[in-house]
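Structure, as structure tokens:
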Amino acid sequence: MTNSWATFRVGTRNSRLALQQTQSTLDRLAAWLPGTRWEVVQMPTIGDRDQVTDLRSSPPDFFTRDLDEGIREGRLDCAVHSAKDLPDPVPEGLDWCWLPWREDPRDALILPAGKSWSDLPANPSIGISSARREAYCLKRFPGAQLLPIRGNIEGRLAQLDSGKFDLLMMAGAALLRLGLAQRISEWLPLDDLATPEGQGSLALTFRAGDPTFLRLRSLFMKAVTFVGGGAGRDALTLAGLRALRQAEVCLYDVLMDQQSLAELPPSARRVDVGKRCGQHRAEQGEINELLARYARQGLRVVRLKGGDPGIFGRLAEEVETLDALHLPYRVLPGISSLQAATTGTGMLLTRRGESRGFCVMTARAKGGATGPINREARAALPIVFFMGAEIVGATSRELIADGTPPETPAALVFDAGGDQEKIVRMSLKEFADSDPSPSALSPAADAAPGLFLVGAVTRFGYDRSLGALQGRRILITCSEALQEKSADLVRDFGGLPVACPLIRLVPDPAAGAELKHLARYGWLVVTSPSSVRCFAALLRAARLDVRQLPKIMVSGPGTAAAVEQELGLIADLQPPADFGAAGIQASVAGLLASGKPVLRIRSDKAGPDLTADLQKLGLEVHDLIVYKNERLHYPARPACDAVFFASASAVETYVEAWGTEPLAGCPIVAIGLPTERALKSAGLRADVMGFTATVEGAIQALAAYSVGTVLRKQAQGRAT
């Protein structure tokens, strides 16, 4: 038995389905968090002991109460449930989240073994377990006899096969998890029968405030994105637009351009929580609860507000809710009506010789009453000094001399909104006494402007440590084609992406001539998404029809997805496990029997080894370079907390530009084996290997590494 630095007791019901889905979950957790040990504790619940009560009238915690009590009493560390079994709300003293591995949420109809639809009687007896399913059956089978059914999945199927029922309705996910997909006679479309929230998903419950499981939960959460929708139709920022286009749930206000909602995916859930003149579709407490609810479900949530959410937008209250629950988030500022009404109309708030600044406040007080706007009230407002870093000491001394209390909080912000942003907080007196130089406060000060903020508001800030990556800067070295996807995943896990593409992929026009002879080939072998993208660009440039392409073999899911996205085709062959060149070699034998040559496309850096190995198998293989790697150079290495390498070329370029010394103590992430080999050749070691040789697998592995490091330190601290 391997040594474990932490052991967790995990509660579950004792049905075969519950045990299977719990063990599957724990196997994943053990793989993601090496050194952890997960013990299954079987605990029958009220719903398991009581086989009489009709589920249509059972209490909300029928299948969870005993497990909840086990967690609260300390006999369990956590419990795994079917998400749809969780009571709403979850009982006091507990916290929860959904887990990311999900099955088909649809319901299914099941006939007795060996029976077909032609055997179904005119007025069948149907086993059901919910009012929702009852309503569906009454509509589809008007003469049916609807009977309650209880028991585990195997027991229900046994009742069906013994003749007690002519037809069953149940969640298809349960049958899939038990390997009983063959028993499904018909899937019911969600348009015909909507399923409960959480059907097909698993949930984890744990003690509220448990630091270990709050950190563990960050692996399954995507950072909530607060988006300032801007003032007017054309004021939505590009970052806000991207967030909307990826949202799964959007909670939106009424005081904004409603056309922004057209950018949401068709499948996204739209929730109107707008407020106007005291008429609220949702009270603030409800909005806060909805944000926390959808975030815990692992959904990509966007909170869309008009203008800039930080200016009279109640942003602080919503952020504080997520802070209290340790749920990650990020905030995208918006273009407010302040800019639209001033810069947008010519009434510029700063004009040389006319105005060196301005004051912004509201005449409204808390609760809607009128608040004072006199000299005293205005003097208490925070002050922002632009271009103030060089004279922060002098500014502080002048403010103190003018009567501002020396203990007033203040802050210097460098590179605001940039990936090298740095905030330095001190009292006004400390700034005045130390008179610091910008370069001493921030390495970015020489190139980045500094804003000096004075006032009580500088005591506050967003907690960027809540996500799995804890606000760390992740240097992304891959080509431009993978930058967006990598950055989105880093943000999902609560990190800060630092874009630094070290290579540019350039399609090789010389390959165009060979592409005109695609009909001679039986198979096309592709081992990277980049090859697919450059190949597609060459096809478009040559105006060649994708219908001319031979069958396509790919090296893994990332490449398969690129084939579908770029070419509109489904790959014909993909290795079942080893997503690399070795997997291609293992899968090719006996499958390429077309009698035609094979075309392998690659970059100039990929090397001919795979081609030679395929030729050894007796195949005629033509090697075609479809793109070249051009190195990109930067004047300085950006500051970062971890580095993600997605290719051997990026490793080589990094080492050539900056050497290996900057990587000392900095976690290194390698997307796959070729990248790992390049690191070893440079005398470096990959701290993190992608779970799969994809961007998703690499960033997910980095998130698990980050969470595991924190949990291990917590366990060591408890041990001492």
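Residue numbering restarts at 1 in every chain; chains get A, B, ... in the order shown in the structure tokens, and ligands count up from 1 in that same order.
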- Shell around segment 230-245 of chain A at 7 Å using only C-alpha atoms, local window under 4 positions removed, as number ranges by chain: A: 256-257, 263-265, 302, 306-308, 332, 334-337, 340
Same residues, N, CA and C atoms, saved as an mmCIF file, in the first residue's frame:
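This went into out_8.cif:
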data_model
loop_
_atom_site.group_PDB
_atom_site.id
_atom_site.type_symbol
_atom_site.label_atom_id
_atom_site.label_comp_id
_atom_site.auth_asym_id
_atom_site.auth_seq_id
_atom_site.Cartn_x
_atom_site.Cartn_y
_atom_site.Cartn_z
ATOM 1 N N MET A 256 -29.688 47.991 -19.499
ATOM 2 C CA MET A 256 -28.578 47.691 -20.392
ATOM 3 C C MET A 256 -29.146 47.428 -21.770
ATOM 4 N N ASP A 257 -28.273 47.382 -22.748
ATOM 5 C CA ASP A 257 -28.709 47.101 -24.112
ATOM 6 C C ASP A 257 -29.096 45.631 -24.229
ATOM 7 N N GLU A 263 -25.848 37.664 -28.156
ATOM 8 C CA GLU A 263 -24.521 37.055 -28.250
ATOM 9 C C GLU A 263 -24.418 35.756 -27.467
ATOM 10 N N LEU A 264 -25.403 35.471 -26.622
ATOM 11 C CA LEU A 264 -25.365 34.235 -25.848
ATOM 12 C C LEU A 264 -25.575 33.024 -26.748
ATOM 13 N N PRO A 265 -24.975 31.883 -26.425
ATOM 14 C CA PRO A 265 -25.259 30.657 -27.180
ATOM 15 C C PRO A 265 -26.753 30.317 -27.079
ATOM 16 N N VAL A 302 -22.301 34.087 -16.256
ATOM 17 C CA VAL A 302 -22.027 35.500 -16.524
ATOM 18 C C VAL A 302 -23.090 36.334 -15.823
ATOM 19 N N GLY A 306 -25.508 46.632 -16.548
ATOM 20 C CA GLY A 306 -25.375 47.785 -17.423
ATOM 21 C C GLY A 306 -24.201 48.653 -17.025
ATOM 22 N N GLY A 307 -23.686 49.427 -17.984
ATOM 23 C CA GLY A 307 -22.588 50.340 -17.692
ATOM 24 C C GLY A 307 -21.391 49.631 -17.117
ATOM 25 N N ASP A 308 -20.811 50.205 -16.067
ATOM 26 C CA ASP A 308 -19.713 49.571 -15.338
ATOM 27 C C ASP A 308 -20.258 49.068 -14.010
ATOM 28 N N LEU A 332 -15.035 42.085 -15.297
ATOM 29 C CA LEU A 332 -14.654 42.793 -16.514
ATOM 30 C C LEU A 332 -15.310 44.166 -16.476
ATOM 31 N N GLY A 334 -16.804 47.834 -17.393
ATOM 32 C CA GLY A 334 -17.561 48.255 -18.566
ATOM 33 C C GLY A 334 -17.426 49.744 -18.807
ATOM 34 N N ILE A 335 -17.865 50.167 -19.956
ATOM 35 C CA ILE A 335 -17.883 51.594 -20.292
ATOM 36 C C ILE A 335 -19.168 52.173 -19.721
ATOM 37 N N SER A 336 -19.035 53.029 -18.723
ATOM 38 C CA SER A 336 -20.213 53.513 -18.009
ATOM 39 C C SER A 336 -20.833 54.721 -18.702
ATOM 40 N N SER A 337 -22.021 55.090 -18.210
ATOM 41 C CA SER A 337 -22.686 56.289 -18.729
ATOM 42 C C SER A 337 -21.852 57.534 -18.451
ATOM 43 N N ALA A 340 -19.840 57.836 -21.514
ATOM 44 C CA ALA A 340 -20.710 58.111 -22.655
ATOM 45 C C ALA A 340 -21.231 59.543 -22.628
#
- Message: Could you go through segment 437-559 of chain A and tell me which residues DSSP, when run on the backbone, assigns to alpha helix (DSSP H), listing them as a count of residues only?
- Response: 37
Set the distance at 12 Å and use only C-alpha atoms: which residues neighbour Asn3 of chain A once local chain neighbours fewer than 3 positions away are removed? I'd like the list as a compact mmCIF listing (two decimals) with C-alpha atoms, in the first residue's frame.
# COMPACT_ATOMS: atom_id res chain seq x y z
CA ALA A 6 -4.57 12.39 3.64
CA THR A 7 -7.45 9.92 4.06
CA PRO A 34 -1.77 11.67 -5.82
CA GLY A 35 -1.20 10.70 -2.20
CA THR A 36 -4.84 10.98 -1.17
CA ARG A 37 -6.79 7.94 0.01
- Message: What's around Phe312 of chain A at 12 Å? Count only C-alpha atoms, leave out sequence neighbours fewer than 6 positions away in its own chain, and write the answer as a PyMOL selection string.
- Response: chain A and resi 228+305-306+336-338+360-366
- Message: I'd like the neighbourhood of segment 627-644 of chain A as an NGL selection string, where a residue qualifies if any of its atoms comes within 7 Å (using only C-alpha atoms), though same-chain residues fewer than 3 positions away should be ignored.
- Response: :A and (472-477 or 502-508 or 534 or 603-604 or 653 or 666-670)
- Task: Find the residues around segment 572-574 of chain A up to 8 Å (only C-alpha atoms counted), leave out those fewer than 5 positions away in its own chain, and share them as a list of chain:residue names.
- Result: A:Lys551, A:Ile552, A:Met553, A:Val554, A:Ser555, A:Gly556, A:Pro557, A:Ala560, A:Ile584, A:Ser587
- Message: Please list as a list of chain:residue names every residue within 12 Å of Gly595 of chain A, counting only C-alpha atoms and excluding residues in the same chain fewer than 4 positions away.
- Response: A:Arg520, A:Tyr521, A:Gly522, A:Trp523, A:Gly590, A:Leu591, A:Gly618, A:Leu619, A:Glu620, A:Val621
- Query: Do you have the atom CA of Ala571 of chain A-atom CA of Thr611 of chain A distance handy?
  - Reply: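 Computed distance, atom CA of Ala571 of chain A to atom CA of Thr611 of chain A, equals 19.4 Å.
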- Message: I'd like the interatomic distance between atom CA of Ile287 of chain A and atom CA of Ser465 of chain A, to a tenth of an Å.
- Response: 23.0 Å
- Item | Top pick for closest residue to Phe213 of chain A, considering A:Cys78, A:Leu251, A:Gly672, A:Asp488 and counting only C-alpha atoms |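 Closest to Phe213 of chain A of all the choices is A:Cys78.
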- Query: Of the residues A:Ile400, A:Ile601, A:Ala380, A:Ala468, which is the one nearest to Pro328 of chain A, using only C-alpha atoms?
  - Reply: A:Ala468
- Report as a PyMOL selection string: the residues of segment 413-594 of chain A with a DSSP assignment of strand (DSSP E or B), based on the backbone of this structure. chain A and resi 413-414+422-427+450-454+473-476+496-499+503-507+523-526+551-554+573
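Atom pair atom CA of Ala113 of chain A / atom CA of Arg183 of chain A: separated by 7.5 Å.
Nearest residue to Phe645 of chain A among A:Ala703, A:Ala678, A:Leu29, A:Ala262 is A:Ala678, counting only C-alpha atoms.
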- Query: Between A:Leu702, A:Leu160, A:Val41, A:Ala657, which one has atoms that come closest to Gly114 of chain A, using only C-alpha atoms?
  - Reply: A:Leu160
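Using only C-alpha atoms, the shortest contact distance between Pro60 of chain A and any of A:Pro142, A:Gly74, A:Pro189, A:Pro87 is found at A:Pro87.
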